Amino acid sequence: MAARAFALAGVPWDDALVVSAAEFRRAVNACRAHPKVAVLTAPSTGPAELGRALFPQTPRSFIVCEDVDGPDERVVHVRPAEATTRPWNKPDVVLVLDNRRAEDAPTWIAGPALREPAWALPQEAFLGEPALTPEARAFALAKLGPRIGDMVWDIGSGDGSVAIECARFGAAAVALDRDDSVCVRLRENVRRHGVRVAVSRGEIGTVVDHLPVPDAVFLADASPEALATCAAHALRRLAATAPVGAAPALIDVLAGHGFTARATTVQTTPLTGPPEPPSPITLLWAERPAPVPEPPAAKRIRGIETLPPPPGRSVL
């Protein structure tokens, strides 16, 4: 159906991401992170709902394909705001497109692909001085587990390296910092790596209600107050750097919000190149326990009733 929709719209499909609106929040995050997404609609999650979720923070254009392969097949080009106000007749597929950016060259696999095979990029890949060494960043990324459909917050972002790395894995990301000059450098790093990261300036306590719900949060130099705010909103995972000695109190904060938390000190010593003084970093990571699925209700099996044979008929 998605291929038919792209053909009707006259849009190449080989570099598109195809998602289902059955998991609506994750489908919206995919649209935030990628320039060309085909959303297979579901009951009560069609063009209007997508428009409300994306407008105005995420500028996109819609191509709505109605009754694909049916007698009332129709293609409608529309803006997200307009999509929320007009009636729709069997909208099967919504193509969500970012027209502000030239299309990427098609790759051998549909959807996002890392431009470089490496992750936890080296320090020189970012303007400014990254707060985390590549080794510490790799550890934090492993605990955040970014993937397509996720929303990740990078709070106190600095150079934006964590948000950028998460976006390279296909996740939607928001980078937040309070400093104007830092945000300028952050945006330049985002452009340099060709990813989509929403950059916001401010304090987490004042902007939290305006940010999309995160699956995972990274917090630099966590204070108990900021950590509590992030923990109250993170759905699944959280990672943070912390001052030396603050880990026990911060673990208690996370436990109070339903997380299972741990902490470690990460320290690397280069064996090649000029000697560098060791720089230990205290990292916390936490995860909400997965809900235990309820066992399915036992099915009542009717017993087999054996009827006696009719009179005069023998049983073999």
# chains A, B, ... in the order shown; residues from 1 in each chain; ligands from 1

$ residues_around --residues "range 146-155 of chain A" --least-positions-apart "5" --cutoff "6 Å" --atoms "only C-alpha atoms" --output "PDB file with C-alpha atoms, in the first residue's frame"
ATOM      1  CA  ARG A  26       6.279   6.483  17.968  1.00  0.00           C
ATOM      2  CA  ASN A  29       8.518  10.722  16.552  1.00  0.00           C
ATOM      3  CA  ALA A  30       9.573   9.047  13.295  1.00  0.00           C
ATOM      4  CA  ALA A 163      21.501  14.330  20.921  1.00  0.00           C
ATOM      5  CA  CYS A 166      20.918   9.565  19.136  1.00  0.00           C
ATOM      6  CA  PHE A 169      20.472   6.099  15.185  1.00  0.00           C
ATOM      7  CA  GLY A 170      17.103   7.329  13.911  1.00  0.00           C
ATOM      8  CA  ALA A 171      15.627   8.676  17.159  1.00  0.00           C
ATOM      9  CA  ALA A 172      13.939  12.064  17.430  1.00  0.00           C
ATOM     10  CA  ALA A 173      15.962  14.315  19.731  1.00  0.00           C
ATOM     11  CA  VAL A 174      15.641  17.599  21.594  1.00  0.00           C
ATOM     12  CA  ALA A 175      18.785  19.392  22.825  1.00  0.00           C
ATOM     13  CA  LEU A 176      18.267  21.940  25.612  1.00  0.00           C
ATOM     14  CA  PRO A 214      10.640  11.397  26.067  1.00  0.00           C
ATOM     15  CA  ASP A 215      11.396   7.699  25.965  1.00  0.00           C
ATOM     16  CA  ALA A 216      14.873   8.443  27.303  1.00  0.00           C
ATOM     17  CA  VAL A 217      16.658  11.437  28.856  1.00  0.00           C
ATOM     18  CA  PHE A 218      20.323  12.375  29.175  1.00  0.00           C
ATOM     19  CA  LEU A 219      21.100  15.011  31.809  1.00  0.00           C
TER      20      LEU A 219
END

$ residues_around --residues "range 66-73 of chain A" --least-positions-apart "3" --cutoff "7 Å" --atoms "only C-alpha atoms" --output "ChimeraX atom specification"
/A:89-92

$ select_by_dssp --residues "range 161-222 of chain A" --states "strand (DSSP E or B)" --output "list in words"
Ala172, Ala173, Val174, Ala175, Leu176, Asp177, Val197, Ala198, Val199, Ser200, Arg201, Ala216, Val217, Phe218 and Leu219 of chain A

$ write_last_selection --atoms "N, CA, C and O atoms" --output "short mmCIF file (atom, residue, chain, number, x, y, z; two decimals), in the first residue's frame"
data_model
loop_
_atom_site.label_atom_id
_atom_site.label_comp_id
_atom_site.auth_asym_id
_atom_site.auth_seq_id
_atom_site.Cartn_x
_atom_site.Cartn_y
_atom_site.Cartn_z
N ALA A 172 14.19 10.63 17.37
CA ALA A 172 13.94 12.06 17.43
C ALA A 172 14.63 12.60 18.68
O ALA A 172 14.68 11.92 19.71
N ALA A 173 15.18 13.80 18.61
CA ALA A 173 15.96 14.31 19.73
C ALA A 173 15.70 15.80 19.93
O ALA A 173 15.52 16.55 18.96
N VAL A 174 15.71 16.20 21.20
CA VAL A 174 15.64 17.60 21.59
C VAL A 174 16.87 17.90 22.43
O VAL A 174 17.17 17.17 23.39
N ALA A 175 17.62 18.95 22.07
CA ALA A 175 18.78 19.39 22.83
C ALA A 175 18.44 20.71 23.51
O ALA A 175 18.00 21.66 22.86
N LEU A 176 18.63 20.76 24.82
CA LEU A 176 18.27 21.94 25.61
C LEU A 176 19.49 22.47 26.34
O LEU A 176 20.21 21.71 27.00
N ASP A 177 19.72 23.77 26.21
CA ASP A 177 20.79 24.43 26.98
C ASP A 177 20.33 25.84 27.31
O ASP A 177 19.55 26.44 26.57
N VAL A 197 17.81 17.60 14.90
CA VAL A 197 17.73 17.75 16.35
C VAL A 197 17.06 19.09 16.63
O VAL A 197 17.49 20.13 16.10
N ALA A 198 16.00 19.08 17.41
CA ALA A 198 15.34 20.33 17.80
C ALA A 198 16.15 20.97 18.93
O ALA A 198 16.42 20.33 19.95
N VAL A 199 16.57 22.20 18.73
CA VAL A 199 17.39 22.91 19.71
C VAL A 199 16.51 23.90 20.46
O VAL A 199 15.78 24.70 19.85
N SER A 200 16.57 23.85 21.78
CA SER A 200 15.76 24.73 22.61
C SER A 200 16.65 25.39 23.66
O SER A 200 17.59 24.76 24.17
N ARG A 201 16.35 26.65 23.97
CA ARG A 201 17.11 27.35 24.99
C ARG A 201 16.25 27.57 26.23
O ARG A 201 15.07 27.95 26.12
N ALA A 216 13.62 8.46 26.56
CA ALA A 216 14.87 8.44 27.30
C ALA A 216 15.37 9.87 27.47
O ALA A 216 15.08 10.75 26.65
N VAL A 217 16.13 10.10 28.56
CA VAL A 217 16.66 11.44 28.86
C VAL A 217 18.12 11.31 29.24
O VAL A 217 18.49 10.42 30.03
N PHE A 218 18.95 12.21 28.68
CA PHE A 218 20.32 12.38 29.17
C PHE A 218 20.42 13.74 29.83
O PHE A 218 19.99 14.75 29.27
N LEU A 219 21.01 13.78 31.03
CA LEU A 219 21.10 15.01 31.81
C LEU A 219 22.54 15.21 32.24
O LEU A 219 23.12 14.34 32.91
#

$ residues_around --residues "Glu287 in chain A" --least-positions-apart "3" --cutoff "7 Å" --atoms "only C-alpha atoms" --output "ChimeraX atom specification"
/A:236-238,259-261

$ closest_residue --among "A:Asp179, A:Glu82, A:Glu135, A:Asp209" --to "Thr265 in chain A" --atoms "only C-alpha atoms"
A:Glu135

$ residues_around --residues "Pro56 in chain A" --least-positions-apart "5" --cutoff "9 Å" --atoms "only C-alpha atoms" --output "list in words"
Gly51, Pro80 and Ala81 of chain A

$ closest_residue --among "A:Ala42, A:Val266, A:Ile164, A:Val37" --to "Ala3 in chain A" --atoms "only C-alpha atoms"
A:Val37

$ atom_distance --atom1 "CA of Ala136 in chain A" --atom2 "CA of Pro270 in chain A"
13.3 Å

$ residues_around --residues "Leu227 in chain A" --least-positions-apart "4" --cutoff "12 Å" --atoms "only C-alpha atoms" --output "mmCIF file with N, CA, C and O atoms, in the first residue's frame"
data_model
loop_
_atom_site.group_PDB
_atom_site.id
_atom_site.type_symbol
_atom_site.label_atom_id
_atom_site.label_comp_id
_atom_site.auth_asym_id
_atom_site.auth_seq_id
_atom_site.Cartn_x
_atom_site.Cartn_y
_atom_site.Cartn_z
ATOM 1 N N ILE A 155 19.635 17.175 27.976
ATOM 2 C CA ILE A 155 19.455 18.358 28.821
ATOM 3 C C ILE A 155 20.816 18.848 29.312
ATOM 4 O O ILE A 155 21.626 18.062 29.803
ATOM 5 N N GLY A 156 21.028 20.188 29.232
ATOM 6 C CA GLY A 156 22.356 20.723 29.495
ATOM 7 C C GLY A 156 23.296 20.256 28.412
ATOM 8 O O GLY A 156 24.421 19.822 28.649
ATOM 9 N N ILE A 204 15.228 23.414 32.223
ATOM 10 C CA ILE A 204 14.301 22.293 32.095
ATOM 11 C C ILE A 204 13.012 22.549 32.863
ATOM 12 O O ILE A 204 11.920 22.195 32.411
ATOM 13 N N GLY A 205 13.091 23.206 34.017
ATOM 14 C CA GLY A 205 11.889 23.440 34.823
ATOM 15 C C GLY A 205 10.882 24.357 34.169
ATOM 16 O O GLY A 205 9.683 24.285 34.471
ATOM 17 N N VAL A 217 16.132 10.100 28.557
ATOM 18 C CA VAL A 217 16.658 11.437 28.856
ATOM 19 C C VAL A 217 18.122 11.308 29.244
ATOM 20 O O VAL A 217 18.487 10.418 30.029
ATOM 21 N N PHE A 218 18.954 12.209 28.684
ATOM 22 C CA PHE A 218 20.323 12.375 29.175
ATOM 23 C C PHE A 218 20.417 13.738 29.833
ATOM 24 O O PHE A 218 19.989 14.747 29.267
ATOM 25 N N LEU A 219 21.009 13.775 31.025
ATOM 26 C CA LEU A 219 21.100 15.011 31.809
ATOM 27 C C LEU A 219 22.542 15.207 32.242
ATOM 28 O O LEU A 219 23.121 14.336 32.906
ATOM 29 N N ALA A 220 23.119 16.347 31.865
ATOM 30 C CA ALA A 220 24.500 16.644 32.238
ATOM 31 C C ALA A 220 24.533 17.372 33.583
ATOM 32 O O ALA A 220 23.717 18.250 33.846
ATOM 33 N N ASP A 221 25.497 16.987 34.437
ATOM 34 C CA ASP A 221 25.676 17.621 35.752
ATOM 35 C C ASP A 221 24.358 17.676 36.514
ATOM 36 O O ASP A 221 23.863 18.752 36.873
ATOM 37 N N ALA A 222 23.791 16.527 36.766
ATOM 38 C CA ALA A 222 22.446 16.441 37.342
ATOM 39 C C ALA A 222 22.393 17.014 38.757
ATOM 40 O O ALA A 222 23.225 16.689 39.599
ATOM 41 N N SER A 223 21.398 17.850 38.966
ATOM 42 C CA SER A 223 21.032 18.269 40.317
ATOM 43 C C SER A 223 19.796 17.476 40.727
ATOM 44 O O SER A 223 19.071 16.962 39.871
ATOM 45 N N ALA A 231 12.994 12.626 35.580
ATOM 46 C CA ALA A 231 12.498 11.298 35.942
ATOM 47 C C ALA A 231 10.979 11.245 35.930
ATOM 48 O O ALA A 231 10.385 10.199 35.646
ATOM 49 N N ALA A 232 10.331 12.372 36.210
ATOM 50 C CA ALA A 232 8.868 12.400 36.204
ATOM 51 C C ALA A 232 8.304 12.287 34.795
ATOM 52 O O ALA A 232 7.127 11.949 34.628
ATOM 53 N N HIS A 233 9.127 12.550 33.780
ATOM 54 C CA HIS A 233 8.638 12.546 32.397
ATOM 55 C C HIS A 233 9.194 11.400 31.557
ATOM 56 O O HIS A 233 8.550 11.005 30.575
ATOM 57 N N ALA A 234 10.369 10.881 31.881
ATOM 58 C CA ALA A 234 10.973 9.821 31.077
ATOM 59 C C ALA A 234 10.147 8.547 31.172
ATOM 60 O O ALA A 234 9.813 8.097 32.262
ATOM 61 N N LEU A 238 16.991 6.585 31.553
ATOM 62 C CA LEU A 238 17.592 7.869 31.890
ATOM 63 C C LEU A 238 19.074 7.646 32.167
ATOM 64 O O LEU A 238 19.452 6.637 32.773
ATOM 65 N N ALA A 239 19.914 8.575 31.701
ATOM 66 C CA ALA A 239 21.341 8.554 32.008
ATOM 67 C C ALA A 239 21.764 9.968 32.373
ATOM 68 O O ALA A 239 21.192 10.944 31.874
ATOM 69 N N ALA A 240 22.745 10.089 33.250
ATOM 70 C CA ALA A 240 23.147 11.417 33.708
ATOM 71 C C ALA A 240 24.583 11.386 34.194
ATOM 72 O O ALA A 240 25.073 10.357 34.681
ATOM 73 N N THR A 241 25.259 12.529 34.058
ATOM 74 C CA THR A 241 26.530 12.715 34.746
ATOM 75 C C THR A 241 26.234 13.424 36.053
ATOM 76 O O THR A 241 25.254 14.163 36.175
ATOM 77 N N ALA A 242 27.089 13.199 37.034
ATOM 78 C CA ALA A 242 26.819 13.730 38.368
ATOM 79 C C ALA A 242 28.115 14.166 39.034
ATOM 80 O O ALA A 242 29.187 13.617 38.726
ATOM 81 N N ALA A 246 27.741 12.623 44.700
ATOM 82 C CA ALA A 246 26.301 12.914 44.683
ATOM 83 C C ALA A 246 25.467 11.712 44.268
ATOM 84 O O ALA A 246 24.239 11.755 44.371
ATOM 85 N N ALA A 247 26.110 10.643 43.800
ATOM 86 C CA ALA A 247 25.371 9.518 43.230
ATOM 87 C C ALA A 247 24.352 8.900 44.189
ATOM 88 O O ALA A 247 23.216 8.637 43.779
ATOM 89 N N ALA A 249 22.493 10.096 46.632
ATOM 90 C CA ALA A 249 21.287 10.915 46.763
ATOM 91 C C ALA A 249 20.493 10.927 45.459
ATOM 92 O O ALA A 249 19.253 10.890 45.470
ATOM 93 N N LEU A 250 21.187 10.963 44.317
ATOM 94 C CA LEU A 250 20.496 10.994 43.036
ATOM 95 C C LEU A 250 19.832 9.653 42.736
ATOM 96 O O LEU A 250 18.745 9.604 42.145
ATOM 97 N N ILE A 251 20.460 8.562 43.148
ATOM 98 C CA ILE A 251 19.833 7.249 42.984
ATOM 99 C C ILE A 251 18.533 7.181 43.784
ATOM 100 O O ILE A 251 17.528 6.609 43.323
ATOM 101 N N ASP A 252 18.521 7.782 44.965
ATOM 102 C CA ASP A 252 17.290 7.822 45.763
ATOM 103 C C ASP A 252 16.194 8.607 45.039
ATOM 104 O O ASP A 252 15.011 8.234 45.088
ATOM 105 N N VAL A 253 16.575 9.715 44.386
ATOM 106 C CA VAL A 253 15.600 10.494 43.619
ATOM 107 C C VAL A 253 14.980 9.634 42.527
ATOM 108 O O VAL A 253 13.755 9.616 42.333
ATOM 109 N N LEU A 254 15.815 8.899 41.815
ATOM 110 C CA LEU A 254 15.315 8.045 40.735
ATOM 111 C C LEU A 254 14.430 6.927 41.273
ATOM 112 O O LEU A 254 13.392 6.607 40.683
ATOM 113 N N ALA A 255 14.832 6.343 42.381
ATOM 114 C CA ALA A 255 14.016 5.276 42.972
ATOM 115 C C ALA A 255 12.642 5.799 43.364
ATOM 116 O O ALA A 255 11.632 5.090 43.234
ATOM 117 N N GLY A 256 12.582 7.051 43.828
ATOM 118 C CA GLY A 256 11.300 7.638 44.190
ATOM 119 C C GLY A 256 10.370 7.847 43.022
ATOM 120 O O GLY A 256 9.166 8.044 43.211
ATOM 121 N N HIS A 257 10.906 7.796 41.796
ATOM 122 C CA HIS A 257 10.082 7.923 40.588
ATOM 123 C C HIS A 257 9.931 6.595 39.854
ATOM 124 O O HIS A 257 9.574 6.564 38.669
ATOM 125 N N PHE A 259 12.261 4.192 39.168
ATOM 126 C CA PHE A 259 13.378 3.697 38.378
ATOM 127 C C PHE A 259 14.265 2.774 39.204
ATOM 128 O O PHE A 259 14.435 2.966 40.415
ATOM 129 N N LEU A 284 25.330 7.944 36.006
ATOM 130 C CA LEU A 284 24.186 7.202 36.512
ATOM 131 C C LEU A 284 23.358 6.719 35.332
ATOM 132 O O LEU A 284 23.287 7.397 34.307
ATOM 133 N N TRP A 285 22.732 5.588 35.485
ATOM 134 C CA TRP A 285 21.759 5.144 34.495
ATOM 135 C C TRP A 285 20.622 4.453 35.208
ATOM 136 O O TRP A 285 20.787 3.870 36.281
ATOM 137 N N ALA A 286 19.455 4.560 34.623
ATOM 138 C CA ALA A 286 18.255 4.050 35.285
ATOM 139 C C ALA A 286 17.249 3.593 34.251
ATOM 140 O O ALA A 286 17.230 4.082 33.119
#

$ atom_distance --atom1 "CA of Gln123 in chain A" --atom2 "CA of Pro224 in chain A"
28.7 Å

$ closest_residue --among "A:Leu283, A:Leu40, A:Ala21, A:Val28" --to "Val213 in chain A" --atoms "only C-alpha atoms"
A:Val28
